[in-house]
file data-v9.txt (compact mmCIF, C-alpha atoms)
# COMPACT_ATOMS: atom_id res chain seq x y z
CA MET A 1 0.00 0.00 0.00
CA SER A 2 1.33 3.42 -0.80
CA PHE A 3 0.71 6.65 1.01
CA SER A 4 1.98 10.20 0.88
CA MET A 5 4.28 12.04 3.26
CA MET A 6 6.05 15.39 3.26
CA ILE A 7 9.80 15.76 2.75
CA ASN A 8 11.12 19.34 2.73
CA GLY A 9 7.62 20.60 2.02
CA LYS A 10 7.29 18.34 -1.02
CA ARG A 11 4.61 15.67 -1.21
CA VAL A 12 6.30 12.30 -1.71
CA GLU A 13 4.74 8.91 -2.38
CA ALA A 14 6.06 6.07 -0.25
CA HIS A 15 5.21 2.38 0.14
CA ASP A 16 4.67 0.22 3.17
CA GLY A 17 7.92 -0.95 4.70
CA GLU A 18 9.96 1.64 2.86
CA LEU A 19 12.51 3.77 4.70
CA VAL A 20 12.65 7.55 4.68
CA LEU A 21 15.96 7.54 2.79
CA ALA A 22 14.57 5.44 -0.06
CA ALA A 23 11.49 7.64 -0.35
CA ALA A 24 13.62 10.79 -0.39
CA ARG A 25 15.99 9.38 -3.02
CA ARG A 26 13.10 8.44 -5.28
CA ALA A 27 11.81 11.99 -4.99
CA GLY A 28 15.24 13.34 -5.93
CA ILE A 29 16.04 14.74 -2.47
CA HIS A 30 19.69 14.24 -1.62
CA ILE A 31 20.64 13.01 1.85
CA PRO A 32 24.36 12.39 2.36
CA THR A 33 25.26 8.87 3.48
CA LEU A 34 28.44 6.89 4.06
CA CYS A 35 27.40 3.54 5.55
CA GLU A 36 24.44 2.90 3.25
CA HIS A 37 24.48 0.44 0.35
CA GLU A 38 21.53 -1.13 -1.38
CA ALA A 39 23.02 -4.62 -1.27
CA VAL A 40 23.18 -4.78 2.54
CA GLU A 41 20.78 -4.16 5.41
CA PRO A 42 20.80 -0.60 6.80
CA PHE A 43 22.93 -0.19 9.86
CA GLY A 44 22.88 3.48 10.86
CA SER A 45 26.49 3.75 11.95
CA CYS A 46 27.74 6.87 10.15
CA ARG A 47 24.92 9.12 11.48
CA LEU A 48 25.28 11.36 8.45
CA CYS A 49 21.75 10.84 7.18
CA MET A 50 20.15 12.42 10.26
CA VAL A 51 16.82 14.06 9.49
CA GLU A 52 14.18 15.79 11.58
CA VAL A 53 10.85 13.93 11.70
CA THR A 54 7.55 15.06 13.09
CA LYS A 55 3.82 14.59 12.66
CA GLU A 56 0.85 16.93 13.02
CA ALA A 57 -0.30 14.89 16.03
CA TRP A 58 3.03 15.26 17.82
CA LYS A 59 2.21 18.90 18.76
CA GLY A 60 5.44 20.45 17.60
CA TRP A 61 7.78 17.76 18.96
CA LYS A 62 10.52 16.96 16.46
CA GLY A 63 12.83 13.98 16.61
CA LEU A 64 16.26 13.54 15.04
CA MET A 65 16.38 10.19 13.32
CA THR A 66 18.61 8.41 10.83
CA ALA A 67 16.82 8.40 7.49
CA CYS A 68 18.36 5.04 6.57
CA LEU A 69 16.61 3.30 9.50
CA TYR A 70 13.42 5.30 10.05
CA PRO A 71 10.38 3.74 8.37
CA ALA A 72 8.24 5.94 6.19
CA ALA A 73 4.77 6.46 7.62
CA PRO A 74 1.59 8.26 6.51
CA ASP A 75 1.47 11.97 7.43
CA LEU A 76 5.15 12.00 8.37
CA ILE A 77 6.82 15.38 7.95
CA VAL A 78 10.55 15.15 7.26
CA GLU A 79 13.07 17.99 7.16
CA THR A 80 16.45 17.15 5.66
CA GLU A 81 18.00 20.62 5.59
CA SER A 82 16.77 22.31 8.76
CA GLU A 83 19.19 24.27 10.96
CA ARG A 84 19.13 21.55 13.62
CA VAL A 85 19.86 18.79 11.08
CA LEU A 86 22.72 20.74 9.53
CA HIS A 87 24.16 21.42 12.99
CA VAL A 88 24.16 17.69 13.80
CA ARG A 89 25.58 16.82 10.40
CA ARG A 90 28.41 19.33 10.86
CA ASN A 91 29.19 17.81 14.26
CA VAL A 92 29.28 14.30 12.80
CA LEU A 93 31.59 15.44 10.01
CA ASP A 94 33.76 17.28 12.53
CA LEU A 95 34.20 14.03 14.46
CA LEU A 96 34.77 11.98 11.30
CA LEU A 97 37.37 14.49 10.18
CA ALA A 98 39.13 14.12 13.54
CA ARG A 99 39.11 10.36 13.06
CA CYS A 100 40.22 10.28 9.42
CA PRO A 101 42.01 13.55 8.63
CA ASP A 102 43.56 12.04 5.49
CA SER A 103 40.37 10.83 3.84
CA LYS A 104 39.63 12.80 0.69
CA LEU A 105 35.96 11.83 0.82
CA ILE A 106 35.49 13.04 4.39
CA GLN A 107 37.41 16.22 3.62
CA ARG A 108 35.15 16.92 0.64
CA LEU A 109 31.94 16.13 2.50
CA ALA A 110 33.02 18.26 5.46
CA ALA A 111 33.98 21.15 3.22
CA GLU A 112 30.57 20.96 1.54
CA HIS A 113 29.04 21.46 4.96
CA GLY A 114 31.42 24.26 5.92
CA VAL A 115 33.75 22.23 8.15
CA HIS A 116 37.23 22.93 6.83
CA ARG A 117 39.21 21.74 9.83
CA THR A 118 38.24 19.69 12.81
CA THR A 119 37.74 21.33 16.20
CA PHE A 120 38.94 18.13 17.91
CA THR A 121 42.47 16.78 18.00
CA PRO A 122 43.00 14.88 14.74
CA ARG A 123 43.95 11.26 15.15
CA ASP A 124 47.38 10.16 14.13
CA SER A 125 46.58 7.99 11.14
CA GLU A 126 50.04 6.67 10.39
CA PRO A 127 50.20 3.11 9.01
CA SER A 128 51.80 1.75 12.18
CA ARG A 129 48.44 1.18 13.79
CA ARG A 130 48.45 -2.60 13.89
CA GLU A 131 50.61 -4.87 15.94
CA GLY A 132 50.87 -7.43 13.16
CA GLU A 133 52.80 -5.94 10.27
CA ARG A 134 50.23 -5.33 7.59
CA ALA A 135 51.48 -6.27 4.16
CA LEU A 136 50.02 -3.15 2.62
CA ALA A 137 50.86 -0.09 4.68
CA ALA A 138 48.41 2.72 4.04
CA PRO A 139 46.97 5.52 6.16
CA ASP A 140 44.05 4.53 8.36
CA LEU A 141 40.93 5.78 6.57
CA CYS A 142 38.45 3.56 8.39
CA ILE A 143 35.34 5.31 9.71
CA LEU A 144 34.01 2.07 11.26
CA CYS A 145 30.85 2.18 9.17
CA GLY A 146 30.79 -1.61 9.01
CA LEU A 147 29.94 -1.76 5.30
CA CYS A 148 32.79 -4.19 4.63
CA THR A 149 31.79 -6.61 7.37
CA ARG A 150 28.14 -6.45 6.36
CA VAL A 151 28.83 -7.08 2.67
CA CYS A 152 31.13 -9.94 3.60
CA GLU A 153 28.31 -11.42 5.64
CA THR A 154 25.70 -10.87 2.90
CA ALA A 155 27.58 -11.81 -0.23
CA ALA A 156 30.57 -13.82 0.94
CA THR A 157 31.76 -15.75 3.96
CA ALA A 158 31.80 -13.31 6.94
CA ALA A 159 35.58 -13.57 7.00
CA ILE A 160 36.14 -10.13 8.58
CA CYS A 161 34.49 -8.37 11.48
CA THR A 162 35.06 -5.50 13.85
CA VAL A 163 37.58 -6.46 16.52
CA LYS A 164 38.56 -5.00 19.91
CA ARG A 165 36.45 -2.55 21.90
CA GLY A 166 36.06 1.13 22.58
CA HIS A 167 38.52 3.44 20.88
CA ALA A 168 40.66 0.46 19.83
CA ARG A 169 37.79 -0.94 17.72
CA GLU A 170 38.75 -1.64 14.12
CA VAL A 171 37.91 -3.84 11.19
CA GLY A 172 40.05 -6.92 11.26
CA THR A 173 40.45 -10.60 10.80
CA PRO A 174 40.23 -13.34 13.42
CA TRP A 175 43.24 -12.97 15.77
CA GLY A 176 44.85 -10.54 13.34
CA THR A 177 45.99 -13.40 11.15
CA PRO A 178 45.20 -13.98 7.46
CA PRO A 179 41.49 -14.87 7.47
CA PRO A 180 40.91 -18.57 6.80
CA ASP A 181 37.37 -18.01 5.43
CA CYS A 182 38.25 -15.16 3.06
CA ILE A 183 37.70 -15.90 -0.63
CA GLY A 184 39.46 -12.79 -1.93
CA CYS A 185 36.39 -11.40 -3.73
CA LEU A 186 37.35 -7.75 -3.05
CA ALA A 187 33.75 -6.85 -2.22
CA CYS A 188 34.96 -5.22 1.02
CA ALA A 189 37.60 -3.19 -0.80
CA HIS A 190 35.22 -2.04 -3.52
CA ILE A 191 32.40 -1.14 -1.14
CA CYS A 192 34.55 0.79 1.37
CA PRO A 193 33.48 4.45 1.05
CA THR A 194 36.87 5.86 2.04
CA GLY A 195 39.13 3.31 0.33
CA HIS A 196 40.61 2.05 3.58
CA ILE A 197 40.83 -1.58 2.53
CA VAL A 198 43.68 -2.02 0.10
CA PHE A 199 44.69 -4.94 -2.04
CA VAL A 200 47.46 -5.74 -4.49
CA GLU A 201 47.07 -7.62 -7.73
CA THR A 202 50.27 -8.80 -9.34
CA GLY A 203 49.75 -10.84 -12.46
CA PHE A 204 48.27 -14.10 -11.31
CA ASP A 205 48.03 -13.33 -7.57
CA ARG A 206 45.87 -11.13 -5.43
CA THR A 207 46.78 -10.13 -1.87
CA ILE A 208 44.16 -8.83 0.54
CA TRP A 209 44.06 -9.04 4.34
CA GLU A 210 47.64 -10.38 4.27
CA ARG A 211 46.49 -13.45 2.42
CA THR A 212 47.53 -14.24 -1.13
CA PHE A 213 45.10 -15.87 -3.51
CA ALA A 214 45.75 -17.41 -6.90
CA LEU A 215 43.51 -16.07 -9.68
CA VAL A 216 41.61 -18.44 -11.92
CA ARG A 217 43.36 -18.88 -15.27
CA CYS A 218 41.27 -18.94 -18.41
CA LYS A 219 40.96 -22.48 -19.71
CA ASP A 220 41.54 -21.39 -23.30
CA CYS A 221 44.01 -18.51 -23.28
CA GLY A 222 45.55 -18.79 -19.80
CA ARG A 223 45.02 -15.15 -18.91
CA PRO A 224 44.02 -14.43 -15.29
CA LEU A 225 40.33 -13.93 -14.58
CA PRO A 226 39.20 -11.27 -12.10
CA VAL A 227 38.14 -13.96 -9.58
CA THR A 228 40.19 -16.13 -7.28
CA VAL A 229 40.09 -19.92 -7.24
CA GLU A 230 38.34 -19.87 -3.85
CA GLN A 231 35.83 -17.29 -5.05
CA ALA A 232 34.93 -19.29 -8.15
CA ALA A 233 34.32 -22.40 -6.04
CA PHE A 234 32.28 -20.40 -3.53
CA LEU A 235 30.15 -18.71 -6.20
CA ALA A 236 29.44 -21.99 -7.95
CA LYS A 237 28.29 -23.55 -4.69
CA ARG A 238 26.32 -20.59 -3.39
CA GLN A 239 24.58 -19.66 -6.65
CA GLN A 240 24.10 -23.36 -7.50
CA LEU A 241 25.85 -23.07 -10.82
CA ASP A 242 28.13 -25.48 -12.57
CA PRO A 243 31.83 -24.72 -11.85
CA SER A 244 32.35 -24.47 -15.63
CA TYR A 245 30.61 -21.05 -15.49
CA PHE A 246 33.76 -19.58 -13.96
CA GLU A 247 36.46 -21.09 -16.16
CA ARG A 248 36.83 -18.97 -19.27
CA CYS A 249 37.57 -15.29 -19.73
CA GLU A 250 35.20 -12.75 -21.21
CA ALA A 251 37.19 -12.32 -24.42
CA CYS A 252 37.39 -16.07 -25.12
CA GLN A 253 33.67 -16.52 -24.53
CA ARG A 254 32.90 -13.58 -26.80
CA GLN A 255 35.20 -14.99 -29.46
CA SER A 256 33.54 -18.43 -29.37
CA THR A 257 30.07 -16.84 -29.62
CA ALA A 258 31.30 -14.75 -32.53
CA GLN A 259 32.45 -17.95 -34.24
CA VAL A 260 28.85 -19.20 -34.06
CA PHE A 261 27.65 -15.88 -35.46
CA GLY A 262 30.20 -16.18 -38.24
CA ARG A 263 29.02 -19.70 -39.09
CA MET A 264 25.43 -18.47 -39.19
CA ALA A 265 26.48 -15.65 -41.51
CA ARG A 266 28.17 -18.13 -43.86
CA TRP A 267 25.07 -20.34 -43.86
CA ASN A 268 22.89 -17.36 -44.60
CA ARG A 269 25.10 -16.27 -47.48
CA LEU A 270 24.86 -19.78 -48.92
CA GLY A 271 21.09 -19.62 -48.68
CA LEU A 272 20.83 -22.13 -45.86
CA VAL A 273 18.63 -19.84 -43.80
CA GLN A 274 17.04 -21.81 -41.01
CA GLU A 275 13.37 -21.45 -40.26
CA PRO A 276 13.05 -20.16 -36.70
CA SER A 277 11.07 -23.21 -35.57
CA ALA A 278 13.10 -25.86 -37.42
CA PRO A 279 15.91 -27.56 -35.54
CA VAL A 280 19.40 -26.58 -36.60
CA LYS A 281 20.73 -29.03 -39.15
CA PRO A 282 24.13 -30.49 -38.31
CA VAL A 283 25.63 -29.15 -41.53
CA GLU A 284 29.31 -28.39 -41.57
CA VAL A 285 30.01 -25.62 -44.04
CA LYS A 286 33.61 -25.18 -44.99
CA PRO A 287 34.71 -21.55 -45.06
CA MET B 288 8.63 -16.15 -20.76
CA SER B 289 8.34 -12.45 -20.17
CA ALA B 290 6.59 -10.07 -22.49
CA THR B 291 9.26 -8.70 -24.77
CA ILE B 292 8.61 -5.18 -25.93
CA LEU B 293 11.72 -4.65 -27.96
CA ARG B 294 14.04 -7.04 -29.75
CA LEU B 295 17.35 -6.29 -31.36
CA VAL B 296 17.82 -8.49 -34.40
CA VAL B 297 21.39 -9.24 -35.45
CA LYS B 298 22.08 -10.46 -38.98
CA PRO B 299 25.82 -11.12 -38.89
CA GLN B 300 26.02 -11.75 -42.66
CA HIS B 301 25.49 -8.01 -43.18
CA CYS B 302 28.20 -6.87 -40.77
CA ILE B 303 31.10 -5.09 -42.47
CA GLY B 304 33.03 -4.41 -39.27
CA CYS B 305 32.68 -0.61 -39.44
CA ARG B 306 32.18 -0.36 -35.66
CA SER B 307 29.54 2.34 -36.00
CA CYS B 308 27.50 0.46 -33.40
CA GLU B 309 30.39 0.64 -30.93
CA LEU B 310 30.82 4.36 -31.48
CA ALA B 311 27.09 5.05 -31.24
CA CYS B 312 26.93 3.03 -28.03
CA ALA B 313 29.99 4.68 -26.51
CA PHE B 314 28.67 8.17 -27.23
CA THR B 315 25.20 7.29 -25.95
CA HIS B 316 26.29 5.71 -22.69
CA GLY B 317 29.66 7.37 -22.07
CA LYS B 318 30.62 10.99 -21.93
CA ASP B 319 33.19 11.40 -24.69
CA GLY B 320 32.75 8.14 -26.54
CA GLN B 321 35.46 6.20 -24.75
CA PRO B 322 35.62 2.65 -26.14
CA ALA B 323 35.35 1.30 -22.57
CA ALA B 324 31.85 2.73 -22.27
CA SER B 325 30.57 0.74 -25.25
CA ARG B 326 28.23 -2.13 -24.47
CA CYS B 327 28.67 -3.48 -27.98
CA GLN B 328 31.79 -5.11 -29.36
CA THR B 329 32.54 -5.99 -32.94
CA VAL B 330 34.55 -9.19 -33.04
CA THR B 331 36.60 -10.26 -36.03
CA VAL B 332 35.65 -13.86 -36.84
CA GLY B 333 37.77 -14.58 -39.88
CA LYS B 334 39.07 -12.78 -42.93
CA ASP B 335 36.60 -9.96 -43.66
CA GLU B 336 34.08 -11.56 -41.34
CA TYR B 337 32.79 -9.71 -38.34
CA ALA B 338 30.08 -10.17 -35.75
CA PRO B 339 28.57 -7.46 -33.56
CA MET B 340 28.26 -8.78 -30.03
CA MET B 341 25.93 -7.36 -27.42
CA CYS B 342 23.79 -8.74 -24.61
CA LEU B 343 21.23 -11.27 -25.82
CA GLN B 344 18.85 -10.50 -22.89
CA CYS B 345 18.51 -14.18 -21.93
CA ASP B 346 15.38 -15.33 -20.12
CA HIS B 347 17.42 -17.52 -17.77
CA ALA B 348 20.57 -15.49 -17.74
CA ALA B 349 23.82 -16.71 -16.25
CA CYS B 350 24.63 -13.19 -15.04
CA VAL B 351 21.37 -13.02 -13.08
CA GLN B 352 22.00 -16.44 -11.57
CA SER B 353 25.60 -15.70 -10.67
CA CYS B 354 25.03 -12.35 -8.91
CA PRO B 355 25.39 -12.85 -5.14
CA VAL B 356 23.46 -9.66 -4.27
CA SER B 357 20.71 -9.87 -6.93
CA ALA B 358 21.84 -6.65 -8.56
CA ILE B 359 20.99 -7.97 -12.03
CA ALA B 360 17.38 -8.70 -12.85
CA LEU B 361 15.18 -9.43 -15.83
CA GLN B 362 12.73 -6.53 -16.05
CA PRO B 363 9.11 -7.04 -17.10
CA SER B 364 10.08 -5.33 -20.36
CA GLY B 365 12.29 -8.32 -21.17
CA ILE B 366 15.54 -6.39 -20.66
CA VAL B 367 18.16 -7.53 -18.17
CA ILE B 368 19.31 -4.49 -16.18
CA VAL B 369 22.25 -4.08 -13.79
CA ASP B 370 21.61 -1.97 -10.72
CA ASN B 371 25.05 -0.43 -10.19
CA GLU B 372 23.93 1.03 -6.85
CA ARG B 373 23.49 -2.52 -5.61
CA CYS B 374 26.47 -4.06 -7.36
CA ILE B 375 29.48 -4.97 -5.21
CA ARG B 376 31.91 -5.39 -8.18
CA CYS B 377 32.64 -9.06 -7.52
CA MET B 378 32.95 -9.62 -11.31
CA ALA B 379 31.04 -12.90 -11.15
CA CYS B 380 28.72 -11.85 -13.97
CA THR B 381 31.52 -10.84 -16.34
CA ILE B 382 32.88 -14.37 -16.25
CA ALA B 383 29.63 -16.26 -15.92
CA CYS B 384 28.10 -14.79 -19.08
CA PRO B 385 28.63 -17.56 -21.64
CA PHE B 386 28.69 -14.98 -24.45
CA GLY B 387 31.17 -12.58 -22.84
CA ASN B 388 28.78 -9.67 -23.02
CA MET B 389 29.10 -8.27 -19.49
CA HIS B 390 31.82 -5.65 -19.35
CA PHE B 391 33.61 -4.01 -16.47
CA ASP B 392 34.78 -0.46 -17.03
CA PRO B 393 37.75 -0.01 -14.67
CA SER B 394 37.90 3.77 -15.05
CA ALA B 395 34.27 4.24 -14.03
CA GLY B 396 34.25 1.22 -11.73
CA LEU B 397 30.93 0.09 -13.16
CA ILE B 398 29.53 -3.03 -14.78
CA HIS B 399 28.25 -2.27 -18.26
CA LYS B 400 25.75 -4.25 -20.23
CA CYS B 401 23.48 -3.55 -23.13
CA ASP B 402 20.12 -2.27 -21.88
CA LEU B 403 18.70 -1.71 -25.39
CA CYS B 404 18.98 2.03 -24.65
CA ALA B 405 16.12 1.77 -22.14
CA LYS B 406 17.12 5.11 -20.64
CA HIS B 407 17.98 6.75 -23.95
CA GLY B 408 14.77 7.00 -25.88
CA ASP B 409 13.92 3.31 -25.92
CA TYR B 410 15.44 2.77 -29.38
CA PRO B 411 18.84 1.11 -29.59
CA ARG B 412 21.33 3.61 -31.01
CA CYS B 413 23.44 0.86 -32.56
CA ALA B 414 20.50 -0.08 -34.79
CA MET B 415 19.95 3.58 -35.62
CA PHE B 416 23.53 4.00 -36.83
CA CYS B 417 24.10 0.61 -38.48
CA PRO B 418 24.69 1.40 -42.18
CA THR B 419 23.98 -2.10 -43.51
CA LYS B 420 20.86 -2.99 -41.48
CA CYS B 421 22.85 -5.71 -39.77
CA LEU B 422 21.27 -4.52 -36.54
CA THR B 423 17.55 -3.89 -36.72
CA VAL B 424 14.81 -3.43 -34.19
CA ASP B 425 11.81 -5.70 -34.09
CA ARG B 426 8.76 -4.89 -32.01
CA PRO B 427 6.37 -7.81 -31.58
CA ALA B 428 2.93 -7.02 -32.97
CA GLY B 429 1.19 -7.25 -29.62
CA ASP B 430 3.19 -4.35 -28.29
CA ALA B 431 3.07 -2.18 -31.39
CA GLY B 432 1.15 0.50 -29.56
CA ARG B 433 4.06 1.27 -27.32
call {"tool": "encode", "arguments": {"input": "data-v9.txt", "output": "structure tokens"}}
result
Amino acid sequence: MSFSMMINGKRVEAHDGELVLAAARRAGIHIPTLCEHEAVEPFGSCRLCMVEVTKEAWKGWKGLMTACLYPAAPDLIVETESERVLHVRRNVLDLLLARCPDSKLIQRLAAEHGVHRTTFTPRDSEPSRREGERALAAPDLCILCGLCTRVCETAATAAICTVKRGHAREVGTPWGTPPPDCIGCLACAHICPTGHIVFVETGFDRTIWERTFALVRCKDCGRPLPVTVEQAAFLAKRQQLDPSYFERCEACQRQSTAQVFGRMARWNRLGLVQEPSAPVKPVEVKP
Amino acid sequence: MSATILRLVVKPQHCIGCRSCELACAFTHGKDGQPAASRCQTVTVGKDEYAPMMCLQCDHAACVQSCPVSAIALQPSGIVIVDNERCIRCMACTIACPFGNMHFDPSAGLIHKCDLCAKHGDYPRCAMFCPTKCLTVDRPAGDAGR
């Protein structure tokens, strides 16, 4: 069932079970987000999508809610750009900027909201943050949004999670060792909004989370495919497909389809046009 | 089977390998006509033999089946569409497609596939620019009113 609600004074149609963020996006109203992705469940950890919600019946009371978690409801009145919302959003960005002073994305978002430098003491984000020597030293850009752990849980094997507590909390692997369940799919690296998770691909290997994976080699041409051996096996099992789906590269498959097209073209030129309903005759036409 | 509104008909015997379809596609879907933005590829089969290759919009598509986050779906219009907002760039579809028609554009970081120009006037540009009528558009009679 669909109903209407107000967002920034604009009447917006929403459906049952929909969230305020989705309704606003459909209406073309921009709400900044960092921890939101359509493939995973909303989590509400970045607090950037805060909006002010109220109803006529609430007699002027207004609540600050995360748009990514608040369900749309009939007669809801949402403000995404009010003074109070912008104040909260600036505070959140101020804190994020103190946490990740090197992140280009946070710097840009903060500057858009008028926060050019943090009022807190910026964190030292040097690469020496982990006890175990990380193979790929890079500045700490993690905002602890949990997108990587959630996507790993949804689409892969839940190989990574947040570890430690309090201010020492970070995204990591079990016991800080190369994760045994990881399949090297790079979903965490691609989904990370700030680019904190880094990986290295050298020819036929891919290294992520200090673990090195061998890439699948194309059966025909031997070139590396953009999936690892473990990932291909996992995908075949999870999506219930034959393992042969993940054996040949895009170019080889395109070439073999083109060969069929070419054979059809030769048949057509020779006047051997097949009726659409008739079965294909096993005729071998020499080029 | 879903109700197909639009069908792209490929007659490879007419292809002369001019790559007009690739250019038209790249300029329609990309900004400056970069080849990486093209959803259509002209493959050389043999001497003076070419075949234009684009998504065949399968009913039971391998890309749809291989996607771990259901970002690819067969629309009621009969067109298979990738939701790049939902995509996690695992590349499963680019390998699973048995025809090699799912492309990854590394510069944009997006999965590209032919959507029969669903967002660009609902008439495939490759067919519009094909000089030899190798690519033509067929609309089933039942949906002629559309």
call {"tool": "closest_residue", "arguments": {"input": "data-v9.txt", "among": "B:Ser307, B:Gln362, B:Gln321, B:Asn371", "to": "chain A", "atoms": "all atoms listed in the file"}}
result
B:Asn371
call {"tool": "residues_around", "arguments": {"input": "data-v9.txt", "residues": "stretch 363-368 of chain B", "least_positions_apart": "2", "cutoff": "9 Å", "atoms": "all atoms listed in the file", "output": "MDAnalysis selection string"}}
result
chainID B and resid 288:294 342 344:346 348 351 358:361 370 400:403 405
call {"tool": "interface_residues", "arguments": {"input": "data-v9.txt", "of": "chain A", "to": "chain B", "cutoff": "6 Å", "atoms": "all atoms listed in the file", "output": "list of chain:residue names"}}
result
A:Glu38, A:Ala39, A:Ala155, A:Cys185, A:Ala187, A:Gln239, A:Tyr245, A:Phe246, A:Cys249, A:Glu250, A:Gln253, A:Arg254, A:Thr257, A:Ala258, A:Gln259, A:Ala265
call {"tool": "residues_around", "arguments": {"input": "data-v9.txt", "residues": "A:Pro174", "least_positions_apart": "2", "cutoff": "12 Å", "atoms": "all atoms listed in the file", "output": "short mmCIF file (atom, residue, chain, number, x, y, z; two decimals) with C-alpha atoms, in the frame of the given file"}}
result
data_model
loop_
_atom_site.label_atom_id
_atom_site.label_comp_id
_atom_site.auth_asym_id
_atom_site.auth_seq_id
_atom_site.Cartn_x
_atom_site.Cartn_y
_atom_site.Cartn_z
CA ALA A 158 31.80 -13.31 6.94
CA ALA A 159 35.58 -13.57 7.00
CA ILE A 160 36.14 -10.13 8.58
CA CYS A 161 34.49 -8.37 11.48
CA THR A 162 35.06 -5.50 13.85
CA VAL A 163 37.58 -6.46 16.52
CA LYS A 164 38.56 -5.00 19.91
CA GLU A 170 38.75 -1.64 14.12
CA VAL A 171 37.91 -3.84 11.19
CA GLY A 172 40.05 -6.92 11.26
CA GLY A 176 44.85 -10.54 13.34
CA THR A 177 45.99 -13.40 11.15
CA PRO A 178 45.20 -13.98 7.46
CA PRO A 179 41.49 -14.87 7.47
CA PRO A 180 40.91 -18.57 6.80
CA ASP A 181 37.37 -18.01 5.43
CA CYS A 182 38.25 -15.16 3.06
CA TRP A 209 44.06 -9.04 4.34
#
call {"tool": "residues_around", "arguments": {"input": "data-v9.txt", "residues": "A:Ala189", "least_positions_apart": "6", "cutoff": "9 Å", "atoms": "all atoms listed in the file", "output": "PyMOL selection string"}}
result
chain A and resi 148+195-199+208
call {"tool": "write_last_selection", "arguments": {"input": "data-v9.txt", "atoms": "C-alpha atoms", "output": "mmCIF file, in the coordinates of the input"}}
result
data_model
loop_
_atom_site.group_PDB
_atom_site.id
_atom_site.type_symbol
_atom_site.label_atom_id
_atom_site.label_comp_id
_atom_site.auth_asym_id
_atom_site.auth_seq_id
_atom_site.Cartn_x
_atom_site.Cartn_y
_atom_site.Cartn_z
ATOM 1 C CA CYS A 148 32.790 -4.190 4.630
ATOM 2 C CA GLY A 195 39.130 3.310 0.330
ATOM 3 C CA HIS A 196 40.610 2.050 3.580
ATOM 4 C CA ILE A 197 40.830 -1.580 2.530
ATOM 5 C CA VAL A 198 43.680 -2.020 0.100
ATOM 6 C CA PHE A 199 44.690 -4.940 -2.040
ATOM 7 C CA ILE A 208 44.160 -8.830 0.540
#
call {"tool": "residues_near_point", "arguments": {"input": "data-v9.txt", "point": "(32.5, 1.3, -33.6)", "cutoff": "10 Å", "atoms": "only C-alpha atoms", "output": "PyMOL selection string"}}
result
chain B and resi 304-313+320+322+325+327-329+339+413+416-417
call {"tool": "atom_distance", "arguments": {"input": "data-v9.txt", "atom1": "atom CA of A:Gln231", "atom2": "atom CA of A:Ile183"}}
result
5.0 Å
call {"tool": "residues_around", "arguments": {"input": "data-v9.txt", "residues": "stretch 62-68 of chain A", "least_positions_apart": "6", "cutoff": "6 Å", "atoms": "only C-alpha atoms", "output": "list in words"}}
result
Val20, Leu21, Cys49, Met50, Val51, Glu52, Val53 and Thr54 of chain A
call {"tool": "write_last_selection", "arguments": {"input": "data-v9.txt", "atoms": "C-alpha atoms", "output": "compact mmCIF listing (two decimals), keeping the file's coordinate frame"}}
result
# COMPACT_ATOMS: atom_id res chain seq x y z
CA VAL A 20 12.65 7.55 4.68
CA LEU A 21 15.96 7.54 2.79
CA CYS A 49 21.75 10.84 7.18
CA MET A 50 20.15 12.42 10.26
CA VAL A 51 16.82 14.06 9.49
CA GLU A 52 14.18 15.79 11.58
CA VAL A 53 10.85 13.93 11.70
CA THR A 54 7.55 15.06 13.09
